[in-house]
Amino acid sequence: MAEDLAGTSQEVGPRAVLHDIRYSRYSGSLRPRSSAVASFVASSVRRPLGLRRSAGSKVWPFLLLAVAYLPALAVVAVPLLVPQVTLQPTELISYPNLLATNGVVLLAFVATAIPSMLTRDRRDRVLALYFATAVSWLEYLVGTALAALSLLALIVLGPMLVLFVGSIATADDPGRWIADNIGDLPRIVLAAAVVVVFHTVLGLLVGSLTSRRVFAVGGYLAVVLVAPVVTVLLSTVLSDEWPLALDPASGPIRLAAAIVDGTVSGPGGLAWVVWTAVVVGGSLVVAARYSRGSDA
Amino acid sequence: MSAVVELTGVSKWFGDTVALSDVSFALGAGVTGLLGHNGAGKSTALSLLAGFSRPSQGSVRVLGVDPHTDAGVNRGLGVVSDGEGTWAHASARSQVEFLARQRGVRDPRAAARAALARVGLTEAADRRVGGYSKGMRQRVKLAQALVHDPQVLLLDEPLNGLDPAQRRADVDLVAALGAEGRTVLVSSHVLAEVERMAGRVLVVVNGRLVAEGEPAGIRDLLVDRPRTLRLDGTRVAELAGLLLAEGLVVAVRTDPDGRGVVVETPRGAGLADAVPVLARRAGATLRRVEPVGEDLESTFAHLVRAARGAGR
Amino acid sequence: MGTTLFGFSLRGILLRGRTAAFAALPLLVAVVAVVVIAVTSVAGRYGVQSTLTATLLTGLVVPIVALVLGIGAFGDDRDSRTLPLLRGVARPRWHLVVARFTAAWLSTFLVVLPASLACMAVGISINLPVGHVVGGILLATALTSAAYTGVFVLLSLVTRRGLLAGLAYVVLWETFLAGLAPALRGLSIGSYGRRVATLAIPGDVPVGTVATTGVTTSVVVLAAVAVVSVVLSSIRLQRMDVG
């Protein structure tokens, strides 16, 4: 800058230059709209995990993650570190068992992370900001759902993959093991998807109904903690298994278990109907709550 | 008699951020304006006085007691804080009446009616505050603060969110409250309004109290600051030429209305000494010497510049 | 009534649509009880009575409702920045805590009342002594609500993450960890509540995680938890910065 203004007497040219630093319109090429959604998803994933936030807000999510991964890591680590143990990890804990033990962790994580993805923006009245330029209400919902799906996949799918990969590592003949068991992989992913999609929709559903986080969390807890007790009770009283299918906490997990090992425990058909009804109905309700495209 | 409101050597910090640094002042009856930029420490000072928070250092006294620990102070203290501050689920009347009763008013119903009337909310008083406009909520907050007829009023940006007509009405209301003998501390960004409400001002810059007193008095103390003066009379142009030659003024222009010349001086005090002598030498007869642009705005701007310069 | 400390607090908690929405939960329990009485024999209801009273009512419905209303008792004021205003009344601060706590407690008790009544109905239908059933369930509901509400009011004042802490306590501690070792039961409000509720449950039926203390001691422990929470909340409200 200084040289520009001073110039030098030998040179032919202007003796002074004015630099126009006024703000002007951006004339370069714009990034595609999808990148706005992508960055929205990324920030929505970061927030519940406490990334780029204070240490205090990382404690709870990472505690839950640790609890979720502990069983899978343990059964993989023991055969790896102790040669005397000849058991395969999947013999110590099966995929359905893993899903069931992580059930409580999943509920706690969904309750704290998923409804507040919607309630916070409503409470802070920032939806209008999003919808004005950055994303449409549909992109907002899809982005939030994608973020929720990835977070829950971390809790549900992650440990199962650790078990799968760990089994390869501990197998006597890894190549053979992969050839024998590769068919498990798509089933694991599908099973996890059944659980993850269901809780994403349920969590977003309660989150879309109120702007106060405490009520959304309470509502979700009421559904997933009370329903198992009530359905088991009704099942005992009526001496029939169909009420179990109505349970939103264990129902999807049972369905997932059926996908992984092919064995169906409890009612299958009705549970799928309930699953579909919650996922489709819940999505429609959430969409209806946001389709006006403003802070409600 | 000791002052009604008193801050002695008060500092307040949040972690590494110093919001107030060694501030002392005392207030008596009448309206005092609290001036400062965003983040200068106005709201911190008001929240300390209201008892919402404790000073990190120093002492706060309102009506002779520590407002943070002694809830009894609220019988004589009314506060409008910035931000929300209303119960959305209740009607204006019920929450004002509730506060009146909880602050020891003998007839809460009548007091609520009077306070709501005074802020002009009589008609809407029985609706839920959740449905109010921002301006109306602001007036509910004012009614909450006034309902128990307090001796001390702390008003943080009480005119926020009001339309121009309401602002004028509320400026008059605050001025009247001061005239009734109450001690009123009011913060605002709009200096012209503060000037109409307040007989005294406190100026806070970067958490420090840099000036206090009547606006004109503060002005007079700032002899060193640059001033713009209008000289009117005969042969003032010659006088201005001499001033320019002596280096006492840095700019001279003729007044656009044809009333003499306008000069700018970097140091007011030196000019005052020199003008009589030079006027005689130039043969000028001065009819009028008056400052130009001497409102609170320019005084405040100078104070802030000076204080910020000193701090860095 | 509307302008007393208690009345104003009660209206702010109880008479809101979202609180009413939580009444669906106890009503569900009541519906289940009706189904149970309709389809089962008297002998078949023994285990059901235990599940309804100990697991559902004391173990889940009460803590969930208390969590929402207890955290909200001062949490609403935090959100709408009326906490300074509330503290700006010429009353000792413990009056405020007692008023808010009592309002939240009473609201919790009233919201779960349909579930309590349903449990009583099932208990009476299996020919347990009426006094024990009614007294036991009322006592268990009232005291468990008081202890939970007190703890959650305190949490909401102590930390901004009160909801998270309360949720961790209900989900992880009460429904999960407290059942693992007998020593941990001493730190579980639910286990004392279920001990009191055993008054209304047939003696030979398992009731889940139960405190090892007697009924009287459990009553005292629950009441003490509530009182200590209110005292600590008062100290906290006296000292905290609200603006």
# chains A, B, ... in the order shown; residues from 1 in each chain; ligands from 1
>>> residues_around(residues="Ala117 of chain B", least_positions_apart="4", cutoff="12 Å", atoms="only C-alpha atoms", output="list in words")
Ala92, Arg93, Val96, Ala110, Ala111, Ala112, Arg113, Leu121, Thr122, Glu123, Ala124, Ala125, Arg139, Val140, Leu142, Ala143, Leu146 and Val147 of chain B
>>> closest_atom_pairs(of="chain C", to="chain A", cutoff="10 Å", atoms="only C-alpha atoms", output="CSV")
residue,atom,partner,partner_atom,distance
C:Arg18,CA,A:Phe215,CA,7.5
C:Thr19,CA,A:Phe215,CA,8.5
C:Ala21,CA,A:Gly219,CA,9.0
C:Phe22,CA,A:Gly219,CA,7.6
C:Ala24,CA,A:Ala222,CA,9.8
C:Leu25,CA,A:Ala222,CA,7.1
C:Leu28,CA,A:Val230,CA,8.8
C:Val29,CA,A:Val230,CA,7.7
C:Val32,CA,A:Val230,CA,7.4
C:Ala33,CA,A:Leu234,CA,9.7
C:Val35,CA,A:Leu234,CA,8.3
C:Val36,CA,A:Val237,CA,6.6
C:Ile37,CA,A:Val237,CA,9.7
C:Val39,CA,A:Leu238,CA,7.3
C:Thr40,CA,A:Val237,CA,6.5
C:Ser41,CA,A:Val237,CA,9.6
C:Gly44,CA,A:Val237,CA,7.6
C:Arg45,CA,A:Val237,CA,8.2
C:Gly47,CA,A:Leu233,CA,9.3
C:Val48,CA,A:Leu233,CA,6.9
C:Thr51,CA,A:Leu233,CA,7.5
C:Leu52,CA,A:Leu233,CA,8.5
C:Thr55,CA,A:Val229,CA,7.7
C:Leu56,CA,A:Val226,CA,6.9
C:Leu57,CA,A:Val226,CA,9.6
C:Gly59,CA,A:Val226,CA,9.6
C:Leu60,CA,A:Val226,CA,6.6
C:Val61,CA,A:Val226,CA,7.4
C:Pro63,CA,A:Gly218,CA,9.8
C:Ile64,CA,A:Gly218,CA,6.2
C:Val65,CA,A:Gly218,CA,7.4
C:Ala66,CA,A:Gly218,CA,9.5
C:Leu67,CA,A:Gly218,CA,7.3
C:Val68,CA,A:Val214,CA,5.9
C:Leu69,CA,A:Val214,CA,8.7
C:Ile71,CA,A:Val214,CA,7.5
C:Gly72,CA,A:Val214,CA,7.3
C:Gly75,CA,A:Val214,CA,9.0
C:Asp76,CA,A:Arg212,CA,9.0
C:Asp79,CA,A:Arg123,CA,9.4
C:Arg161,CA,A:Ser57,CA,8.9
C:Gly162,CA,A:Val214,CA,9.8
C:Leu163,CA,A:Val214,CA,6.6
C:Leu164,CA,A:Thr112,CA,6.9
C:Ala165,CA,A:Trp60,CA,9.2
C:Leu167,CA,A:Ala108,CA,7.7
C:Ala168,CA,A:Ala108,CA,7.4
C:Val170,CA,A:Leu221,CA,9.6
C:Val171,CA,A:Ala108,CA,6.7
C:Leu172,CA,A:Val104,CA,7.5
C:Thr175,CA,A:Val104,CA,9.0
C:Phe176,CA,A:Val104,CA,8.1
>>> write_last_selection(atoms="N, CA and C atoms", output="short mmCIF file (atom, residue, chain, number, x, y, z; two decimals), in the first residue's frame")
data_model
loop_
_atom_site.label_atom_id
_atom_site.label_comp_id
_atom_site.auth_asym_id
_atom_site.auth_seq_id
_atom_site.Cartn_x
_atom_site.Cartn_y
_atom_site.Cartn_z
N ARG C 18 -49.30 -27.49 28.01
CA ARG C 18 -48.27 -28.52 27.92
C ARG C 18 -48.23 -29.38 29.17
N THR C 19 -48.57 -28.80 30.33
CA THR C 19 -48.66 -29.62 31.54
C THR C 19 -49.81 -30.60 31.39
N ALA C 21 -50.86 -31.85 28.75
CA ALA C 21 -50.50 -32.91 27.82
C ALA C 21 -49.88 -34.10 28.56
N PHE C 22 -49.18 -33.82 29.65
CA PHE C 22 -48.55 -34.91 30.39
C PHE C 22 -49.55 -35.72 31.20
N ALA C 24 -51.79 -37.25 29.93
CA ALA C 24 -52.05 -38.42 29.11
C ALA C 24 -51.35 -39.66 29.67
N LEU C 25 -50.18 -39.44 30.27
CA LEU C 25 -49.37 -40.55 30.77
C LEU C 25 -50.08 -41.30 31.91
N LEU C 28 -53.10 -43.14 30.70
CA LEU C 28 -52.78 -44.41 30.05
C LEU C 28 -52.70 -45.52 31.10
N VAL C 29 -52.03 -45.20 32.23
CA VAL C 29 -51.94 -46.18 33.31
C VAL C 29 -53.35 -46.55 33.80
N VAL C 32 -54.94 -48.93 31.38
CA VAL C 32 -54.37 -50.27 31.54
C VAL C 32 -55.01 -50.95 32.75
N ALA C 33 -55.17 -50.19 33.84
CA ALA C 33 -55.77 -50.77 35.06
C ALA C 33 -57.18 -51.26 34.79
N VAL C 35 -58.39 -52.25 31.92
CA VAL C 35 -58.28 -53.47 31.11
C VAL C 35 -57.96 -54.65 32.02
N VAL C 36 -57.00 -54.42 32.92
CA VAL C 36 -56.57 -55.49 33.82
C VAL C 36 -57.75 -56.02 34.63
N ILE C 37 -58.50 -55.09 35.25
CA ILE C 37 -59.63 -55.50 36.08
C ILE C 37 -60.67 -56.22 35.24
N VAL C 39 -60.22 -58.06 32.41
CA VAL C 39 -59.94 -59.35 31.76
C VAL C 39 -59.30 -60.39 32.67
N THR C 40 -58.78 -60.01 33.84
CA THR C 40 -58.05 -61.00 34.63
C THR C 40 -58.85 -61.45 35.85
N SER C 41 -58.48 -62.64 36.33
CA SER C 41 -59.04 -63.11 37.59
C SER C 41 -58.33 -62.39 38.73
N GLY C 44 -54.78 -63.38 39.19
CA GLY C 44 -53.90 -62.91 38.14
C GLY C 44 -53.47 -61.46 38.33
N ARG C 45 -54.17 -60.74 39.21
CA ARG C 45 -53.87 -59.31 39.35
C ARG C 45 -52.75 -59.03 40.36
N GLY C 47 -49.50 -59.89 40.53
CA GLY C 47 -48.27 -59.39 39.93
C GLY C 47 -48.50 -58.05 39.22
N VAL C 48 -49.68 -57.93 38.64
CA VAL C 48 -50.00 -56.70 37.91
C VAL C 48 -50.00 -55.50 38.85
N THR C 51 -46.50 -54.41 39.40
CA THR C 51 -45.93 -53.70 38.25
C THR C 51 -46.51 -52.30 38.13
N LEU C 52 -47.83 -52.21 38.28
CA LEU C 52 -48.49 -50.90 38.14
C LEU C 52 -47.98 -49.93 39.19
N THR C 55 -43.40 -50.33 39.58
CA THR C 55 -42.59 -50.02 38.41
C THR C 55 -43.12 -48.80 37.66
N LEU C 56 -44.43 -48.82 37.37
CA LEU C 56 -44.97 -47.74 36.54
C LEU C 56 -45.15 -46.44 37.31
N LEU C 57 -45.96 -46.51 38.37
CA LEU C 57 -46.33 -45.27 39.07
C LEU C 57 -45.12 -44.65 39.78
N GLY C 59 -41.97 -45.71 39.84
CA GLY C 59 -40.69 -45.81 39.17
C GLY C 59 -40.57 -44.98 37.91
N LEU C 60 -41.68 -44.71 37.22
CA LEU C 60 -41.56 -44.02 35.94
C LEU C 60 -42.45 -42.78 35.83
N VAL C 61 -43.75 -42.95 36.09
CA VAL C 61 -44.66 -41.82 35.86
C VAL C 61 -44.31 -40.65 36.77
N PRO C 63 -41.38 -39.89 38.45
CA PRO C 63 -40.14 -39.16 38.13
C PRO C 63 -40.20 -38.39 36.82
N ILE C 64 -40.87 -38.92 35.80
CA ILE C 64 -40.90 -38.19 34.52
C ILE C 64 -41.70 -36.90 34.66
N VAL C 65 -42.88 -36.99 35.30
CA VAL C 65 -43.68 -35.77 35.47
C VAL C 65 -42.94 -34.78 36.39
N ALA C 66 -42.33 -35.31 37.45
CA ALA C 66 -41.60 -34.43 38.37
C ALA C 66 -40.41 -33.78 37.67
N LEU C 67 -39.77 -34.53 36.77
CA LEU C 67 -38.64 -33.96 36.03
C LEU C 67 -39.08 -32.75 35.22
N VAL C 68 -40.17 -32.93 34.48
CA VAL C 68 -40.63 -31.85 33.61
C VAL C 68 -41.10 -30.64 34.44
N LEU C 69 -41.91 -30.90 35.46
CA LEU C 69 -42.46 -29.77 36.22
C LEU C 69 -41.44 -29.20 37.20
N ILE C 71 -38.00 -29.18 36.88
CA ILE C 71 -37.00 -28.39 36.14
C ILE C 71 -37.65 -27.10 35.64
N GLY C 72 -38.94 -27.20 35.25
CA GLY C 72 -39.62 -26.02 34.71
C GLY C 72 -40.00 -25.00 35.77
N GLY C 75 -37.08 -22.93 35.68
CA GLY C 75 -36.50 -22.90 34.34
C GLY C 75 -37.25 -21.96 33.41
N ASP C 76 -38.58 -21.91 33.55
CA ASP C 76 -39.37 -20.98 32.74
C ASP C 76 -38.96 -19.55 33.02
N ASP C 79 -35.74 -18.79 31.29
CA ASP C 79 -35.89 -18.58 29.85
C ASP C 79 -36.48 -17.22 29.52
N ARG C 161 -27.38 -26.98 33.02
CA ARG C 161 -27.66 -28.28 32.44
C ARG C 161 -28.49 -29.13 33.39
N GLY C 162 -29.40 -28.48 34.12
CA GLY C 162 -30.21 -29.20 35.10
C GLY C 162 -31.03 -30.31 34.47
N LEU C 163 -31.59 -30.01 33.30
CA LEU C 163 -32.41 -31.01 32.63
C LEU C 163 -31.59 -32.26 32.31
N LEU C 164 -30.38 -32.04 31.80
CA LEU C 164 -29.51 -33.15 31.45
C LEU C 164 -29.17 -33.98 32.69
N ALA C 165 -28.83 -33.28 33.77
CA ALA C 165 -28.48 -33.98 35.00
C ALA C 165 -29.67 -34.78 35.51
N LEU C 167 -32.20 -35.90 33.79
CA LEU C 167 -32.46 -37.00 32.87
C LEU C 167 -31.48 -38.14 33.09
N ALA C 168 -30.21 -37.79 33.28
CA ALA C 168 -29.20 -38.82 33.55
C ALA C 168 -29.57 -39.56 34.82
N VAL C 170 -32.60 -39.97 36.17
CA VAL C 170 -33.80 -40.81 36.00
C VAL C 170 -33.49 -42.03 35.12
N VAL C 171 -32.87 -41.77 33.96
CA VAL C 171 -32.69 -42.85 32.99
C VAL C 171 -31.57 -43.80 33.41
N LEU C 172 -30.39 -43.23 33.68
CA LEU C 172 -29.25 -44.11 33.93
C LEU C 172 -29.25 -44.63 35.36
N THR C 175 -33.28 -46.21 36.57
CA THR C 175 -33.80 -47.39 35.88
C THR C 175 -32.70 -48.39 35.55
N PHE C 176 -31.45 -48.07 35.85
CA PHE C 176 -30.38 -48.92 35.35
C PHE C 176 -29.38 -49.25 36.46
#
>>> interface_residues(of="chain C", to="chain B", cutoff="6 Å", atoms="only C-alpha atoms", output="VMD selection string")
chain C and resid 3 80 to 82 88 to 91 241 to 243
>>> select_by_dssp(residues="segment 212-266 of chain B", states="strand (DSSP E)", output="PyMOL selection string")
chain B and resi 212-213+227-234+251-254+261-265
>>> residues_around(residues="Ala148 of chain A", least_positions_apart="4", cutoff="7 Å", atoms="only C-alpha atoms", output="JSON, numbers by chain")
{"A": [114, 144, 152, 200]}
>>> write_last_selection(atoms="C-alpha atoms", output="PDB file, in the first residue's frame")
ATOM      1  CA  ILE A 114     -32.516 -35.305  18.953  1.00  0.00           C
ATOM      2  CA  THR A 144     -31.679 -32.169  10.570  1.00  0.00           C
ATOM      3  CA  LEU A 152     -27.574 -42.330  16.073  1.00  0.00           C
ATOM      4  CA  THR A 200     -34.807 -40.237  14.599  1.00  0.00           C
TER       5      THR A 200
END
>>> residues_around(residues="segment 248-259 of chain B", least_positions_apart="2", cutoff="12 Å", atoms="only C-alpha atoms", output="ChimeraX atom specification")
/B:226-246,261-275,278,286-290,292
>>> write_last_selection(atoms="C-alpha atoms", output="short mmCIF file (atom, residue, chain, number, x, y, z; two decimals), in the first residue's frame")
data_model
loop_
_atom_site.label_atom_id
_atom_site.label_comp_id
_atom_site.auth_asym_id
_atom_site.auth_seq_id
_atom_site.Cartn_x
_atom_site.Cartn_y
_atom_site.Cartn_z
CA PRO B 226 -11.74 21.14 20.29
CA ARG B 227 -14.56 23.64 20.03
CA THR B 228 -16.41 25.33 17.27
CA LEU B 229 -17.41 28.95 17.93
CA ARG B 230 -19.40 31.52 16.05
CA LEU B 231 -18.10 35.08 16.22
CA ASP B 232 -20.59 37.74 15.20
CA GLY B 233 -20.07 41.51 15.00
CA THR B 234 -18.21 44.02 12.86
CA ARG B 235 -14.82 43.22 11.34
CA VAL B 236 -14.98 39.63 12.63
CA ALA B 237 -13.28 38.45 9.43
CA GLU B 238 -10.18 40.46 10.35
CA LEU B 239 -10.29 39.04 13.88
CA ALA B 240 -10.49 35.56 12.45
CA GLY B 241 -7.49 36.29 10.27
CA LEU B 242 -5.45 37.30 13.34
CA LEU B 243 -6.56 34.19 15.23
CA LEU B 244 -5.50 32.10 12.29
CA ALA B 245 -2.15 33.88 12.10
CA GLU B 246 -1.57 33.28 15.84
CA VAL B 261 -17.72 33.65 10.97
CA VAL B 262 -17.34 30.17 12.40
CA VAL B 263 -13.93 29.19 13.75
CA GLU B 264 -12.61 25.85 14.94
CA THR B 265 -10.06 25.73 17.73
CA PRO B 266 -8.16 22.77 19.10
CA ARG B 267 -8.00 24.35 22.58
CA GLY B 268 -10.93 26.35 23.87
CA ALA B 269 -9.14 27.82 26.89
CA GLY B 270 -6.35 29.51 24.94
CA LEU B 271 -8.82 31.08 22.57
CA ALA B 272 -10.86 32.58 25.38
CA ASP B 273 -7.77 34.38 26.71
CA ALA B 274 -6.72 35.69 23.33
CA VAL B 275 -9.98 36.90 21.80
CA LEU B 278 -6.95 40.40 19.36
CA LEU B 286 -18.07 41.54 18.96
CA ARG B 287 -21.82 41.30 19.25
CA ARG B 288 -21.90 37.60 19.97
CA VAL B 289 -19.49 34.73 20.76
CA GLU B 290 -21.27 31.40 20.98
CA VAL B 292 -21.79 25.70 17.83
#
>>> select_by_dssp(residues="segment 75-204 of chain C", states="helix (DSSP H, G or I)", output="VMD selection string")
chain C and resid 75 to 79 83 to 87 93 to 125 130 to 158 162 to 174 177 to 179 182 to 185 189 to 200
>>> atom_distance(atom1="atom CA of Ile93 of chain A", atom2="atom CA of Ala191 of chain A")
16.2 Å
>>> residues_around(residues="Ala36 of chain A", least_positions_apart="2", cutoff="10 Å", atoms="only C-alpha atoms", output="list in words")
Arg31, Pro32, Arg33, Ser34, Ala38, Ser39, Phe40, Val41, Ala42, Thr133, Ala134, Val135, Glu139 and Gly143 of chain A
>>> residues_around(residues="segment 4-8 of chain B", least_positions_apart="6", cutoff="6 Å", atoms="only C-alpha atoms", output="ChimeraX atom specification")
/B:24-28,58-63
>>> write_last_selection(atoms="N, CA and C atoms", output="short mmCIF file (atom, residue, chain, number, x, y, z; two decimals), in the first residue's frame")
data_model
loop_
_atom_site.label_atom_id
_atom_site.label_comp_id
_atom_site.auth_asym_id
_atom_site.auth_seq_id
_atom_site.Cartn_x
_atom_site.Cartn_y
_atom_site.Cartn_z
N SER B 24 -17.29 4.58 41.48
CA SER B 24 -17.95 5.13 42.66
C SER B 24 -18.86 6.27 42.24
N PHE B 25 -20.09 6.26 42.72
CA PHE B 25 -20.94 7.44 42.57
C PHE B 25 -22.08 7.35 43.55
N ALA B 26 -22.73 8.47 43.76
CA ALA B 26 -23.88 8.50 44.65
C ALA B 26 -24.97 9.30 43.97
N LEU B 27 -26.20 8.88 44.16
CA LEU B 27 -27.31 9.56 43.51
C LEU B 27 -28.29 10.07 44.56
N GLY B 28 -28.82 11.26 44.32
CA GLY B 28 -29.91 11.78 45.14
C GLY B 28 -31.17 11.86 44.30
N GLY B 58 -15.80 -4.01 46.19
CA GLY B 58 -16.50 -2.78 46.51
C GLY B 58 -17.87 -3.03 47.11
N SER B 59 -18.61 -1.95 47.36
CA SER B 59 -19.91 -2.15 48.00
C SER B 59 -21.00 -1.34 47.31
N VAL B 60 -22.19 -1.92 47.34
CA VAL B 60 -23.36 -1.30 46.72
C VAL B 60 -24.38 -1.05 47.82
N ARG B 61 -24.93 0.14 47.88
CA ARG B 61 -25.96 0.45 48.86
C ARG B 61 -27.13 1.12 48.16
N VAL B 62 -28.32 0.56 48.36
CA VAL B 62 -29.53 1.18 47.85
C VAL B 62 -30.48 1.34 49.03
N LEU B 63 -30.93 2.53 49.29
CA LEU B 63 -31.78 2.81 50.45
C LEU B 63 -31.13 2.31 51.74
#
>>> residues_around(residues="segment 230-233 of chain C", least_positions_apart="5", cutoff="7 Å", atoms="only C-alpha atoms", output="PyMOL selection string")
chain C and resi 97-98+150+154+157
>>> decode(residues="segment 12-57 of chain B", atoms="C-alpha atoms", output="CSV table (one decimal), in the first residue's frame")
chain,number,residue,atom,x,y,z
B,12,LYS,CA,-17.3,-6.5,38.5
B,13,TRP,CA,-15.6,-9.1,36.3
B,14,PHE,CA,-16.7,-12.2,34.5
B,15,GLY,CA,-13.8,-14.5,34.1
B,16,ASP,CA,-11.2,-12.4,32.2
B,17,THR,CA,-13.6,-9.7,31.2
B,18,VAL,CA,-13.8,-6.6,33.4
B,19,ALA,CA,-17.2,-5.1,33.1
B,20,LEU,CA,-16.8,-2.4,35.7
B,21,SER,CA,-13.6,-1.1,37.1
B,22,ASP,CA,-13.5,0.9,40.4
B,23,VAL,CA,-16.7,2.8,39.9
B,24,SER,CA,-17.9,5.1,42.7
B,25,PHE,CA,-20.9,7.4,42.6
B,26,ALA,CA,-23.9,8.5,44.7
B,27,LEU,CA,-27.3,9.6,43.5
B,28,GLY,CA,-29.9,11.8,45.1
B,29,ALA,CA,-33.4,12.7,44.1
B,30,GLY,CA,-34.1,13.5,40.4
B,31,VAL,CA,-33.3,11.8,37.1
B,32,THR,CA,-29.8,10.7,36.3
B,33,GLY,CA,-28.8,9.5,32.8
B,34,LEU,CA,-26.4,6.6,32.4
B,35,LEU,CA,-24.5,7.0,29.1
B,36,GLY,CA,-22.2,4.6,27.4
B,37,HIS,CA,-21.7,2.5,24.3
B,38,ASN,CA,-22.9,-1.1,24.1
B,39,GLY,CA,-20.8,-3.1,26.4
B,40,ALA,CA,-19.5,-0.1,28.3
B,41,GLY,CA,-20.9,-1.5,31.6
B,42,LYS,CA,-24.3,0.3,31.8
B,43,SER,CA,-26.3,-2.9,32.3
B,44,THR,CA,-23.8,-4.4,34.7
B,45,ALA,CA,-24.0,-1.2,36.8
B,46,LEU,CA,-27.8,-1.3,36.9
B,47,SER,CA,-27.9,-5.0,37.6
B,48,LEU,CA,-25.6,-4.5,40.6
B,49,LEU,CA,-27.7,-1.7,41.9
B,50,ALA,CA,-30.9,-3.8,41.4
B,51,GLY,CA,-29.3,-6.6,43.4
B,52,PHE,CA,-29.4,-9.1,40.6
B,53,SER,CA,-25.7,-9.7,41.0
B,54,ARG,CA,-22.9,-9.1,43.5
B,55,PRO,CA,-19.9,-6.9,42.9
B,56,SER,CA,-16.6,-8.6,42.6
B,57,GLN,CA,-15.2,-5.8,44.7
